[in-house]
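data.cif follows; it contains mmCIF, C-alpha atoms.
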data_start
loop_
_atom_site.group_PDB
_atom_site.id
_atom_site.type_symbol
_atom_site.label_atom_id
_atom_site.label_comp_id
_atom_site.auth_asym_id
_atom_site.auth_seq_id
_atom_site.Cartn_x
_atom_site.Cartn_y
_atom_site.Cartn_z
ATOM 1 C CA MET T 1 2.865 2.676 20.241
ATOM 2 C CA LYS T 2 0.742 1.306 23.047
ATOM 3 C CA ILE T 3 -1.316 -1.821 22.363
ATOM 4 C CA LEU T 4 -4.322 -2.944 24.346
ATOM 5 C CA VAL T 5 -4.526 -6.697 24.848
ATOM 6 C CA ALA T 6 -8.024 -7.767 25.824
ATOM 7 C CA ASP T 7 -8.822 -11.442 26.191
ATOM 8 C CA ASP T 8 -10.651 -13.481 28.800
ATOM 9 C CA ASP T 9 -8.203 -16.355 28.453
ATOM 10 C CA ARG T 10 -5.078 -16.119 30.612
ATOM 11 C CA VAL T 11 -2.870 -18.112 28.216
ATOM 12 C CA THR T 12 -3.767 -15.927 25.209
ATOM 13 C CA ARG T 13 -3.359 -12.746 27.249
ATOM 14 C CA ARG T 14 0.072 -13.684 28.521
ATOM 15 C CA MET T 15 1.224 -14.876 25.094
ATOM 16 C CA LEU T 16 0.194 -11.621 23.402
ATOM 17 C CA ASP T 17 1.673 -9.553 26.211
ATOM 18 C CA VAL T 18 5.050 -11.318 25.966
ATOM 19 C CA LEU T 19 5.207 -11.296 22.147
ATOM 20 C CA LEU T 20 4.170 -7.657 21.719
ATOM 21 C CA THR T 21 6.647 -6.545 24.385
ATOM 22 C CA GLU T 22 9.356 -8.551 22.618
ATOM 23 C CA TRP T 23 8.496 -6.748 19.367
ATOM 24 C CA GLY T 24 9.041 -3.417 21.083
ATOM 25 C CA TYR T 25 5.458 -2.325 21.762
ATOM 26 C CA GLU T 26 4.074 -1.108 25.046
ATOM 27 C CA THR T 27 1.066 -3.112 26.262
ATOM 28 C CA ALA T 28 -1.983 -2.569 28.422
ATOM 29 C CA VAL T 29 -3.707 -5.802 29.435
ATOM 30 C CA ALA T 30 -7.393 -6.341 30.197
ATOM 31 C CA SER T 31 -9.111 -9.588 31.137
ATOM 32 C CA ASP T 32 -12.658 -8.521 30.271
ATOM 33 C CA GLY T 33 -14.667 -5.996 28.305
ATOM 34 C CA LEU T 34 -15.192 -3.614 31.224
ATOM 35 C CA ALA T 35 -11.469 -3.404 32.021
ATOM 36 C CA ALA T 36 -10.743 -2.901 28.323
ATOM 37 C CA TRP T 37 -13.348 -0.129 28.133
ATOM 38 C CA GLN T 38 -11.812 1.636 31.139
ATOM 39 C CA LEU T 39 -8.363 1.506 29.513
ATOM 40 C CA LEU T 40 -9.852 2.912 26.314
ATOM 41 C CA GLN T 41 -11.285 5.844 28.257
ATOM 42 C CA GLY T 42 -7.810 6.731 29.552
ATOM 43 C CA SER T 43 -5.721 9.719 28.506
ATOM 44 C CA ASP T 44 -3.750 7.889 25.802
ATOM 45 C CA PRO T 45 -6.121 5.348 24.247
ATOM 46 C CA PRO T 46 -4.863 2.909 21.597
ATOM 47 C CA LYS T 47 -5.361 4.127 18.023
ATOM 48 C CA LEU T 48 -5.427 0.733 16.348
ATOM 49 C CA ALA T 49 -7.777 -2.224 16.883
ATOM 50 C CA ILE T 50 -6.997 -5.682 15.570
ATOM 51 C CA LEU T 51 -9.626 -8.276 16.272
ATOM 52 C CA LEU T 52 -8.388 -11.723 17.266
ATOM 53 C CA THR T 53 -11.150 -14.163 16.557
ATOM 54 C CA VAL T 54 -11.410 -17.914 16.241
ATOM 55 C CA LYS T 55 -11.901 -19.341 12.778
ATOM 56 C CA GLY T 56 -15.445 -19.575 11.504
ATOM 57 C CA SER T 57 -16.980 -16.763 13.515
ATOM 58 C CA ARG T 58 -17.930 -14.685 10.509
ATOM 59 C CA GLU T 59 -20.581 -12.642 12.307
ATOM 60 C CA ASP T 60 -18.077 -11.693 15.041
ATOM 61 C CA ILE T 61 -15.691 -10.439 12.372
ATOM 62 C CA VAL T 62 -18.389 -8.393 10.637
ATOM 63 C CA THR T 63 -19.646 -6.949 13.943
ATOM 64 C CA GLY T 64 -16.098 -6.151 15.037
ATOM 65 C CA LEU T 65 -15.126 -4.427 11.811
ATOM 66 C CA GLN T 66 -18.382 -2.494 11.719
ATOM 67 C CA GLY T 67 -17.755 -1.509 15.335
ATOM 68 C CA GLY T 68 -14.504 0.173 14.350
ATOM 69 C CA ALA T 69 -11.840 -2.555 14.375
ATOM 70 C CA ASP T 70 -9.166 -1.895 11.765
ATOM 71 C CA ASP T 71 -8.251 -5.472 10.974
ATOM 72 C CA TYR T 72 -8.743 -9.014 12.210
ATOM 73 C CA ILE T 73 -6.699 -12.141 12.512
ATOM 74 C CA THR T 74 -7.998 -15.619 13.214
ATOM 75 C CA LYS T 75 -6.998 -17.671 16.243
ATOM 76 C CA PRO T 76 -4.958 -19.769 16.582
ATOM 77 C CA PHE T 77 -2.808 -16.974 15.207
ATOM 78 C CA ASP T 78 0.575 -17.291 13.632
ATOM 79 C CA PRO T 79 2.935 -15.022 15.625
ATOM 80 C CA GLU T 80 4.763 -13.888 12.478
ATOM 81 C CA GLU T 81 1.496 -12.940 10.779
ATOM 82 C CA LEU T 82 0.376 -11.056 13.876
ATOM 83 C CA GLN T 83 3.686 -9.195 14.003
ATOM 84 C CA ALA T 84 3.356 -8.230 10.325
ATOM 85 C CA ARG T 85 -0.229 -7.046 10.787
ATOM 86 C CA VAL T 86 0.554 -5.031 13.888
ATOM 87 C CA HIS T 87 3.417 -3.443 11.980
ATOM 88 C CA THR T 88 1.125 -2.608 9.037
ATOM 89 C CA GLY T 89 -1.405 -1.160 11.453
ATOM 90 C CA TYR T 90 1.341 0.893 13.066
ATOM 91 C CA ARG T 91 2.229 2.339 9.652
ATOM 92 C CA ILE T 92 -1.426 3.224 9.033
ATOM 93 C CA VAL T 93 -1.650 4.979 12.402
ATOM 94 C CA GLU T 94 1.532 6.942 11.600
ATOM 95 C CA LEU T 95 0.197 7.877 8.151
ATOM 96 C CA GLN T 96 -3.140 8.898 9.606
ATOM 97 C CA GLY T 97 -1.336 11.083 12.121
ATOM 98 C CA SER T 98 0.723 12.928 9.504
ATOM 99 C CA LEU T 99 -2.332 13.233 7.225
ATOM 100 C CA ASN T 100 -4.353 14.808 10.051
ATOM 101 C CA GLU T 101 -1.559 17.270 10.650
ATOM 102 C CA GLN T 102 -1.433 18.234 6.977
ATOM 103 C CA VAL T 103 -5.197 18.662 6.758
ATOM 104 C CA LYS T 104 -5.072 20.919 9.797
ATOM 105 C CA ARG T 105 -2.312 23.026 8.255
ATOM 106 C CA LEU T 106 -4.272 23.348 4.994
ATOM 107 C CA GLU T 107 -7.459 24.300 6.809
ATOM 108 C CA ASP T 108 -5.560 27.000 8.686
ATOM 109 C CA ALA T 109 -4.149 28.350 5.414
ATOM 110 C CA LEU T 110 -7.550 28.259 3.746
ATOM 111 C CA SER T 111 -9.253 30.132 6.553
ATOM 112 C CA ARG T 112 -6.787 32.991 5.991
ATOM 113 C CA VAL T 113 -7.641 33.209 2.287
ATOM 114 C CA ARG T 114 -11.145 34.637 1.939
ATOM 115 C CA GLN T 115 -12.405 33.286 -1.307
ATOM 116 C CA LEU T 116 -13.900 35.326 -4.162
ATOM 117 C CA HIS T 117 -16.656 33.384 -5.784
ATOM 118 C CA GLY T 118 -20.328 33.606 -6.683
ATOM 119 C CA LEU T 119 -22.361 36.535 -8.103
ATOM 120 C CA LEU T 120 -21.227 40.097 -7.388
ATOM 121 C CA PRO T 121 -23.568 43.065 -8.059
ATOM 122 C CA ILE T 122 -21.574 45.636 -9.985
ATOM 123 C CA CYS T 123 -22.597 49.100 -11.285
ATOM 124 C CA CYS T 124 -22.587 49.215 -15.134
ATOM 125 C CA TYR T 125 -21.296 52.773 -15.175
ATOM 126 C CA CYS T 126 -18.817 53.305 -12.367
ATOM 127 C CA LYS T 127 -17.983 49.609 -11.787
ATOM 128 C CA ASN T 128 -18.497 49.901 -8.011
ATOM 129 C CA ILE T 129 -19.472 46.707 -6.237
ATOM 130 C CA ARG T 130 -22.278 46.275 -3.722
ATOM 131 C CA ASN T 131 -20.992 44.390 -0.695
ATOM 132 C CA ASP T 132 -22.884 42.229 1.801
ATOM 133 C CA GLN T 133 -23.646 45.269 3.946
ATOM 134 C CA ASP T 134 -25.528 46.891 1.010
ATOM 135 C CA TYR T 135 -22.771 49.436 0.644
ATOM 136 C CA TRP T 136 -21.246 50.379 -2.711
ATOM 137 C CA GLN T 137 -17.516 49.946 -2.701
ATOM 138 C CA ARG T 138 -14.885 50.687 -5.309
ATOM 139 C CA VAL T 139 -13.866 47.480 -7.060
ATOM 140 C CA ASP T 140 -10.233 47.709 -5.879
ATOM 141 C CA ASP T 141 -11.319 48.255 -2.260
ATOM 142 C CA TYR T 142 -13.700 45.311 -2.479
ATOM 143 C CA ILE T 143 -11.121 42.902 -3.861
ATOM 144 C CA ALA T 144 -8.454 44.077 -1.395
ATOM 145 C CA ALA T 145 -10.884 43.460 1.488
ATOM 146 C CA HIS T 146 -11.830 39.965 0.324
ATOM 147 C CA SER T 147 -8.500 38.524 -0.723
ATOM 148 C CA ASP T 148 -4.800 38.771 -0.118
ATOM 149 C CA VAL T 149 -4.434 40.943 -3.271
ATOM 150 C CA ARG T 150 -2.605 44.273 -2.934
ATOM 151 C CA PHE T 151 -2.934 46.913 -5.687
ATOM 152 C CA THR T 152 -0.103 48.949 -7.215
ATOM 153 C CA HIS T 153 -1.430 51.977 -9.069
ATOM 154 C CA GLY T 154 -0.556 52.898 -12.651
ATOM 155 C CA ILE T 155 -2.247 54.288 -15.803
ATOM 156 C CA CYS T 156 -3.116 52.200 -18.832
ATOM 157 C CA PRO T 157 -2.408 53.593 -22.393
ATOM 158 C CA SER T 158 -6.064 54.169 -23.296
ATOM 159 C CA CYS T 159 -6.791 56.065 -20.040
ATOM 160 C CA TYR T 160 -3.602 58.009 -20.647
ATOM 161 C CA ARG T 161 -4.976 59.172 -24.020
ATOM 162 C CA GLU T 162 -8.540 59.734 -22.815
ATOM 163 C CA ARG T 163 -7.851 61.332 -19.444
ATOM 164 C CA VAL T 164 -4.260 62.321 -18.901
ATOM 165 C CA GLU T 165 -3.528 63.918 -22.293
ATOM 166 C CA PRO T 166 -6.622 66.218 -22.223
ATOM 167 C CA GLU T 167 -5.730 67.216 -18.625
ATOM 168 C CA LEU T 168 -2.161 67.974 -19.652
ATOM 169 C CA ALA T 169 -3.404 69.946 -22.684
ATOM 170 C CA LYS T 170 -5.713 71.920 -20.433
ATOM 171 C CA LEU T 171 -2.877 72.691 -18.020
ATOM 172 C CA ARG T 172 -0.580 73.697 -20.888
ATOM 173 C CA ALA T 173 -3.276 76.020 -22.330
ATOM 174 C CA ALA T 174 -3.867 77.582 -18.910
ATOM 175 C CA ALA T 175 -0.139 78.170 -18.484
ATOM 176 C CA GLU T 176 0.165 79.761 -21.939
ATOM 177 C CA THR T 177 -2.790 82.067 -21.224
ATOM 178 C CA GLU T 178 -1.171 83.117 -17.965
ATOM 179 C CA VAL T 179 2.139 83.909 -19.661
ATOM 180 C CA ARG T 180 0.416 85.966 -22.357
ATOM 181 C CA GLU T 181 -1.540 87.932 -19.742
ATOM 182 C CA ARG T 182 1.626 88.655 -17.726
ATOM 183 C CA MET T 183 3.394 89.947 -20.846
ATOM 184 C CA GLY T 184 0.430 92.252 -21.247
ATOM 185 C CA GLY T 185 -0.411 90.968 -24.647
ATOM 186 C CA MET V 186 7.475 -20.685 40.239
ATOM 187 C CA ILE V 187 7.586 -23.686 37.976
ATOM 188 C CA ARG V 188 6.121 -26.806 39.375
ATOM 189 C CA ASN V 189 7.801 -29.924 38.242
ATOM 190 C CA ARG V 190 4.771 -32.035 37.556
ATOM 191 C CA PRO V 191 5.154 -35.761 37.521
ATOM 192 C CA SER V 192 4.707 -36.834 33.935
ATOM 193 C CA SER V 193 2.914 -40.089 33.405
ATOM 194 C CA SER V 194 3.950 -40.394 29.777
ATOM 195 C CA GLU V 195 7.442 -40.796 28.427
ATOM 196 C CA PRO V 196 8.420 -39.139 25.132
ATOM 197 C CA GLY V 197 8.393 -42.572 23.476
ATOM 198 C CA SER V 198 4.783 -43.189 24.421
ATOM 199 C CA LEU V 199 3.386 -40.686 21.874
ATOM 200 C CA THR V 200 1.054 -42.453 19.519
ATOM 201 C CA VAL V 201 1.097 -42.060 15.733
ATOM 202 C CA ARG V 202 -2.273 -40.314 15.881
ATOM 203 C CA ASP V 203 -0.942 -37.689 18.282
ATOM 204 C CA ALA V 204 2.017 -37.074 16.026
ATOM 205 C CA GLU V 205 -0.333 -36.666 13.038
ATOM 206 C CA GLN V 206 -2.175 -33.958 14.865
ATOM 207 C CA GLY V 207 1.036 -32.281 15.940
ATOM 208 C CA LEU V 208 0.588 -33.245 19.579
ATOM 209 C CA ASP V 209 4.306 -33.481 20.038
ATOM 210 C CA PRO V 210 6.474 -31.322 22.325
ATOM 211 C CA ALA V 211 8.894 -30.608 19.459
ATOM 212 C CA VAL V 212 6.092 -29.438 17.133
ATOM 213 C CA ILE V 213 4.624 -27.243 19.880
ATOM 214 C CA LEU V 214 8.046 -25.767 20.612
ATOM 215 C CA ALA V 215 8.555 -25.051 16.911
ATOM 216 C CA ARG V 216 5.295 -23.095 16.942
ATOM 217 C CA PHE V 217 6.857 -20.935 19.646
ATOM 218 C CA ASP V 218 9.863 -20.346 17.462
ATOM 219 C CA GLY V 219 11.972 -22.313 19.914
ATOM 220 C CA ASN V 220 11.052 -19.926 22.745
ATOM 221 C CA ARG V 221 11.118 -22.588 25.430
ATOM 222 C CA ARG V 222 10.692 -20.163 28.294
ATOM 223 C CA LEU V 223 7.489 -18.651 26.881
ATOM 224 C CA LEU V 224 6.082 -22.092 26.069
ATOM 225 C CA GLN V 225 6.916 -23.270 29.563
ATOM 226 C CA GLU V 226 5.198 -20.279 31.146
ATOM 227 C CA LEU V 227 2.077 -20.585 28.981
ATOM 228 C CA ALA V 228 1.857 -24.352 29.501
ATOM 229 C CA THR V 229 2.007 -23.776 33.251
ATOM 230 C CA ILE V 230 -0.792 -21.212 33.037
ATOM 231 C CA PHE V 231 -2.846 -23.554 30.864
ATOM 232 C CA LEU V 232 -2.430 -26.451 33.293
ATOM 233 C CA GLU V 233 -3.648 -24.175 36.084
ATOM 234 C CA GLU V 234 -6.633 -22.773 34.180
ATOM 235 C CA CYS V 235 -7.781 -25.868 32.311
ATOM 236 C CA PRO V 236 -9.536 -27.681 35.205
ATOM 237 C CA LYS V 237 -11.636 -24.561 35.874
ATOM 238 C CA GLN V 238 -12.561 -24.230 32.199
ATOM 239 C CA MET V 239 -13.494 -27.914 31.953
ATOM 240 C CA GLU V 240 -15.627 -27.582 35.081
ATOM 241 C CA GLU V 241 -17.460 -24.620 33.552
ATOM 242 C CA ILE V 242 -18.144 -26.593 30.373
ATOM 243 C CA ARG V 243 -19.369 -29.597 32.351
ATOM 244 C CA GLU V 244 -21.692 -27.455 34.468
ATOM 245 C CA ALA V 245 -23.079 -25.667 31.407
ATOM 246 C CA ILE V 246 -23.916 -29.042 29.815
ATOM 247 C CA THR V 247 -25.549 -30.280 33.043
ATOM 248 C CA ARG V 248 -27.650 -27.119 33.241
ATOM 249 C CA GLU V 249 -28.301 -27.300 29.476
ATOM 250 C CA ASP V 250 -27.195 -23.680 29.365
ATOM 251 C CA ALA V 251 -26.298 -23.155 25.690
ATOM 252 C CA SER V 252 -24.991 -19.623 26.052
ATOM 253 C CA ALA V 253 -22.707 -20.522 28.989
ATOM 254 C CA LEU V 254 -21.493 -23.570 27.046
ATOM 255 C CA ARG V 255 -20.809 -21.502 23.980
ATOM 256 C CA TYR V 256 -18.726 -19.058 26.023
ATOM 257 C CA SER V 257 -16.765 -21.638 28.037
ATOM 258 C CA ALA V 258 -16.090 -23.936 25.060
ATOM 259 C CA HIS V 259 -15.014 -20.929 23.011
ATOM 260 C CA GLN V 260 -12.603 -19.860 25.728
ATOM 261 C CA LEU V 261 -11.051 -23.321 26.056
ATOM 262 C CA ARG V 262 -10.762 -23.596 22.304
ATOM 263 C CA GLY V 263 -8.889 -20.302 22.125
ATOM 264 C CA SER V 264 -6.646 -21.342 24.983
ATOM 265 C CA VAL V 265 -5.721 -24.722 23.425
ATOM 266 C CA GLY V 266 -5.330 -23.063 20.039
ATOM 267 C CA ASN V 267 -2.329 -21.082 21.285
ATOM 268 C CA PHE V 268 -0.412 -24.348 21.304
ATOM 269 C CA GLY V 269 -1.878 -25.794 18.094
ATOM 270 C CA THR V 270 -5.082 -27.254 16.698
ATOM 271 C CA PHE V 271 -5.195 -30.633 18.364
ATOM 272 C CA ALA V 272 -8.065 -33.045 19.084
ATOM 273 C CA ALA V 273 -8.922 -31.044 22.215
ATOM 274 C CA TYR V 274 -9.248 -27.936 20.053
ATOM 275 C CA GLU V 275 -11.574 -29.731 17.663
ATOM 276 C CA ARG V 276 -13.800 -31.180 20.404
ATOM 277 C CA ALA V 277 -14.101 -27.745 22.051
ATOM 278 C CA ARG V 278 -15.059 -26.362 18.648
ATOM 279 C CA ASP V 279 -17.709 -29.100 18.270
ATOM 280 C CA LEU V 280 -19.216 -28.173 21.629
ATOM 281 C CA GLU V 281 -19.153 -24.486 20.755
ATOM 282 C CA GLN V 282 -20.884 -25.244 17.463
ATOM 283 C CA MET V 283 -23.561 -27.295 19.232
ATOM 284 C CA ALA V 284 -24.122 -24.489 21.728
ATOM 285 C CA ARG V 285 -24.430 -22.046 18.844
ATOM 286 C CA THR V 286 -27.251 -24.079 17.297
ATOM 287 C CA GLY V 287 -28.773 -24.921 20.708
ATOM 288 C CA GLU V 288 -28.737 -28.643 19.904
ATOM 289 C CA LEU V 289 -27.227 -30.148 23.071
ATOM 290 C CA THR V 290 -28.418 -33.762 22.860
ATOM 291 C CA CYS V 291 -24.966 -35.123 22.007
ATOM 292 C CA ALA V 292 -23.105 -32.622 24.190
ATOM 293 C CA ALA V 293 -22.369 -35.130 26.957
ATOM 294 C CA ASP V 294 -20.773 -37.556 24.460
ATOM 295 C CA VAL V 295 -18.653 -34.828 22.929
ATOM 296 C CA TYR V 296 -17.678 -33.717 26.407
ATOM 297 C CA ALA V 297 -16.430 -37.232 27.166
ATOM 298 C CA ALA V 298 -14.303 -37.098 24.009
ATOM 299 C CA LEU V 299 -13.065 -33.628 24.967
ATOM 300 C CA GLU V 300 -12.118 -34.855 28.439
ATOM 301 C CA LYS V 301 -10.039 -37.667 26.938
ATOM 302 C CA ALA V 302 -8.348 -35.309 24.470
ATOM 303 C CA ILE V 303 -7.671 -32.709 27.155
ATOM 304 C CA LEU V 304 -6.154 -35.337 29.443
ATOM 305 C CA ARG V 305 -3.789 -36.364 26.672
ATOM 306 C CA PHE V 306 -3.005 -32.731 25.930
ATOM 307 C CA GLN V 307 -2.330 -31.987 29.595
ATOM 308 C CA GLN V 308 0.061 -34.928 29.728
ATOM 309 C CA VAL V 309 2.028 -33.613 26.771
ATOM 310 C CA LEU V 310 2.116 -30.088 28.226
ATOM 311 C CA SER V 311 3.285 -31.475 31.573
ATOM 312 C CA GLN V 312 6.026 -33.212 29.671
ATOM 313 C CA VAL V 313 6.901 -29.916 27.932
ATOM 314 C CA VAL V 314 7.089 -28.163 31.295
ATOM 315 C CA ALA V 315 9.210 -30.952 32.779
ATOM 316 C CA GLU V 316 11.555 -30.923 29.776
ATOM 317 C CA SER V 317 11.869 -27.162 29.981
ATOM 318 C CA VAL V 318 12.727 -27.449 33.650
ATOM 319 C CA ALA V 319 15.304 -30.097 32.843
ATOM 320 C CA VAL V 320 16.884 -27.827 30.217
ATOM 321 C CA SER V 321 16.984 -24.745 32.439
ATOM 322 C CA GLU V 322 18.350 -26.760 35.360
ATOM 323 C CA GLY V 323 20.861 -28.408 33.071
ATOM 324 C CA GLY V 324 22.578 -25.260 31.910
ATOM 325 C CA GLN V 325 20.842 -21.898 31.549
ATOM 326 C CA THR V 326 19.724 -20.058 34.613
ATOM 327 C CA ASN V 327 16.292 -18.516 34.447
ATOM 328 C CA PRO V 328 15.809 -15.521 36.719
#
Just give me the structure of the file as structure tokens.
Amino acid sequence: MKILVADDDRVTRRMLDVLLTEWGYETAVASDGLAAWQLLQGSDPPKLAILLTVKGSREDIVTGLQGGADDYITKPFDPEELQARVHTGYRIVELQGSLNEQVKRLEDALSRVRQLHGLLPICCYCKNIRNDQDYWQRVDDYIAAHSDVRFTHGICPSCYRERVEPELAKLRAAAETEVRERMGG
Amino acid sequence: MIRNRPSSSEPGSLTVRDAEQGLDPAVILARFDGNRRLLQELATIFLEECPKQMEEIREAITREDASALRYSAHQLRGSVGNFGTFAAYERARDLEQMARTGELTCAADVYAALEKAILRFQQVLSQVVAESVAVSEGGQTNP
């Protein structure tokens, strides 16, 4: 992780540069606000901002945090505390990164699933559904078009009795009639 | 790279008051976790920068420029603070506070106190640098 060190004091700048490098971080050093701003505009800007402020400058802390700083530490700082805070910040940045990735994956998945919700106009008799284009669609076609559902076709027991059995009876009767006619009866 | 400054004070000349405020090479070194080389480098930078910072503070007081004083005193305070919160740190903070309120009537007096404290602080840092040089010349070789 790259850390931007911005301070107008040479001693503080050098101290932070040396310590952070010792702790295994890469540093970019700026001696004033303009230089810091230019580094922030670069291709790989730092993702974490820890404000180093002298004790008693409450308004600086508030302004800094409101301006987007993630944390602050008062000067003169304790190197161990700074190291711990930078490490905590590093963990937050890592977490944020993996969270962003997950959110992106979920959004991608969600965009593939077209949701079925809200009021659907449906015909009381034939059960067709009116779609957004004012076109009446069969309910199975509508659902198939608006979700990842696939239909497998079968016949339920009540439709079997009401529709299939009479059809079969009709066919059987027709066949019997035909046989009788052929036998010349 | 490292200038061996002549040190006017011997280690034994530290007063009790200095010791109370931690103005002691050993205490400063402890703050740097025994990292003598870093302390030596930062002390050298401080000794180079300090006269400029003091000059800026003095000029700001002469001009009665509160915002310039606030900035320069703040910077010196931060710089000293890297080594510890000594008298020089406190006087710089006093000046910064005065500049913040815009009440500069006593600024010259506080500056005189700051100058004294800074002089003492510079002496101790010079001593730190000299001691560091002695150590590195005595055994380790610093590239």
Across T:Phe77, T:Tyr90, T:Tyr135, T:Tyr160, the smallest distance to chain V, with all atoms listed in the file counted, is shown by T:Phe77
Checklist entry - Got a sec to pull out which chain V residues are within 10 Å of chain T, counting only C-alpha atoms, and send them as an MDAnalysis selection string? => result chainID V and resid 216:218 223:224 226:234 238 259:270 274 278 282
List as a ChimeraX atom specification the protein and nucleic acid residues near stretch 42-47 of chain T, meaning an atom at most 8 Å away when all atoms listed in the file are counted, but skip any in the same chain fewer than 4 places from it. /T:1-4,38,93
message: My list of candidates is T:Ala173, T:Leu40, T:Leu48, T:Val86. Which is closest to T:Leu16 when distances are computed with only C-alpha atoms?
response: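 The closest residue to T:Leu16 is T:Val86.
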Practice problem: I need the residue set behind the PyMOL selection byres ((chain V and resi 246) around 10) for this file; please write it as a count of residues only. | Solution: 21
Expected axis-aligned box over every listed atom of stretch 241-253 of chain V, 5 Å added per side, centre plus edges in Å to one decimal, as JSON:
{"center_x": -22.9, "center_y": -25.0, "center_z": 30.1, "size_x": 20.8, "size_y": 20.7, "size_z": 18.8}
*Expansion of the PyMOL selection byres ((chain T and resi 64-68) around 12) into residues, as a ChimeraX atom specification*: /T:47-53,57-63,69-73
Residue with the minimum atom-to-atom distance to V:Pro210, picked from V:Leu299, V:Ala315, V:Val309, V:Glu288 with all atoms listed in the file counted, is V:Val309
Self-check item: Coordinates-based distance that separates atom CA of V:Asp279 from atom CA of V:Ala302 (Å, one decimal)
Solution: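 Result for atom CA of V:Ala302 versus atom CA of V:Asp279: 12.8 Å, one decimal.
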In Å and to one decimal, atom CA of V:Met283 is distant from atom CA of V:Val295 by 9.7 Å
Quiz item: atom CA of T:Ser158 and atom CA of T:Tyr125, how far apart in Å?
Solution: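 Atom CA of T:Ser158 lies at a distance of 17.3 Å from atom CA of T:Tyr125.
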Do you know which residues the PyMOL selection byres ((chain V and resi 305) around 10) returns on this file, as an MDAnalysis selection string? chainID V and resid 194 199 203 208 272:273 299:304 306:311
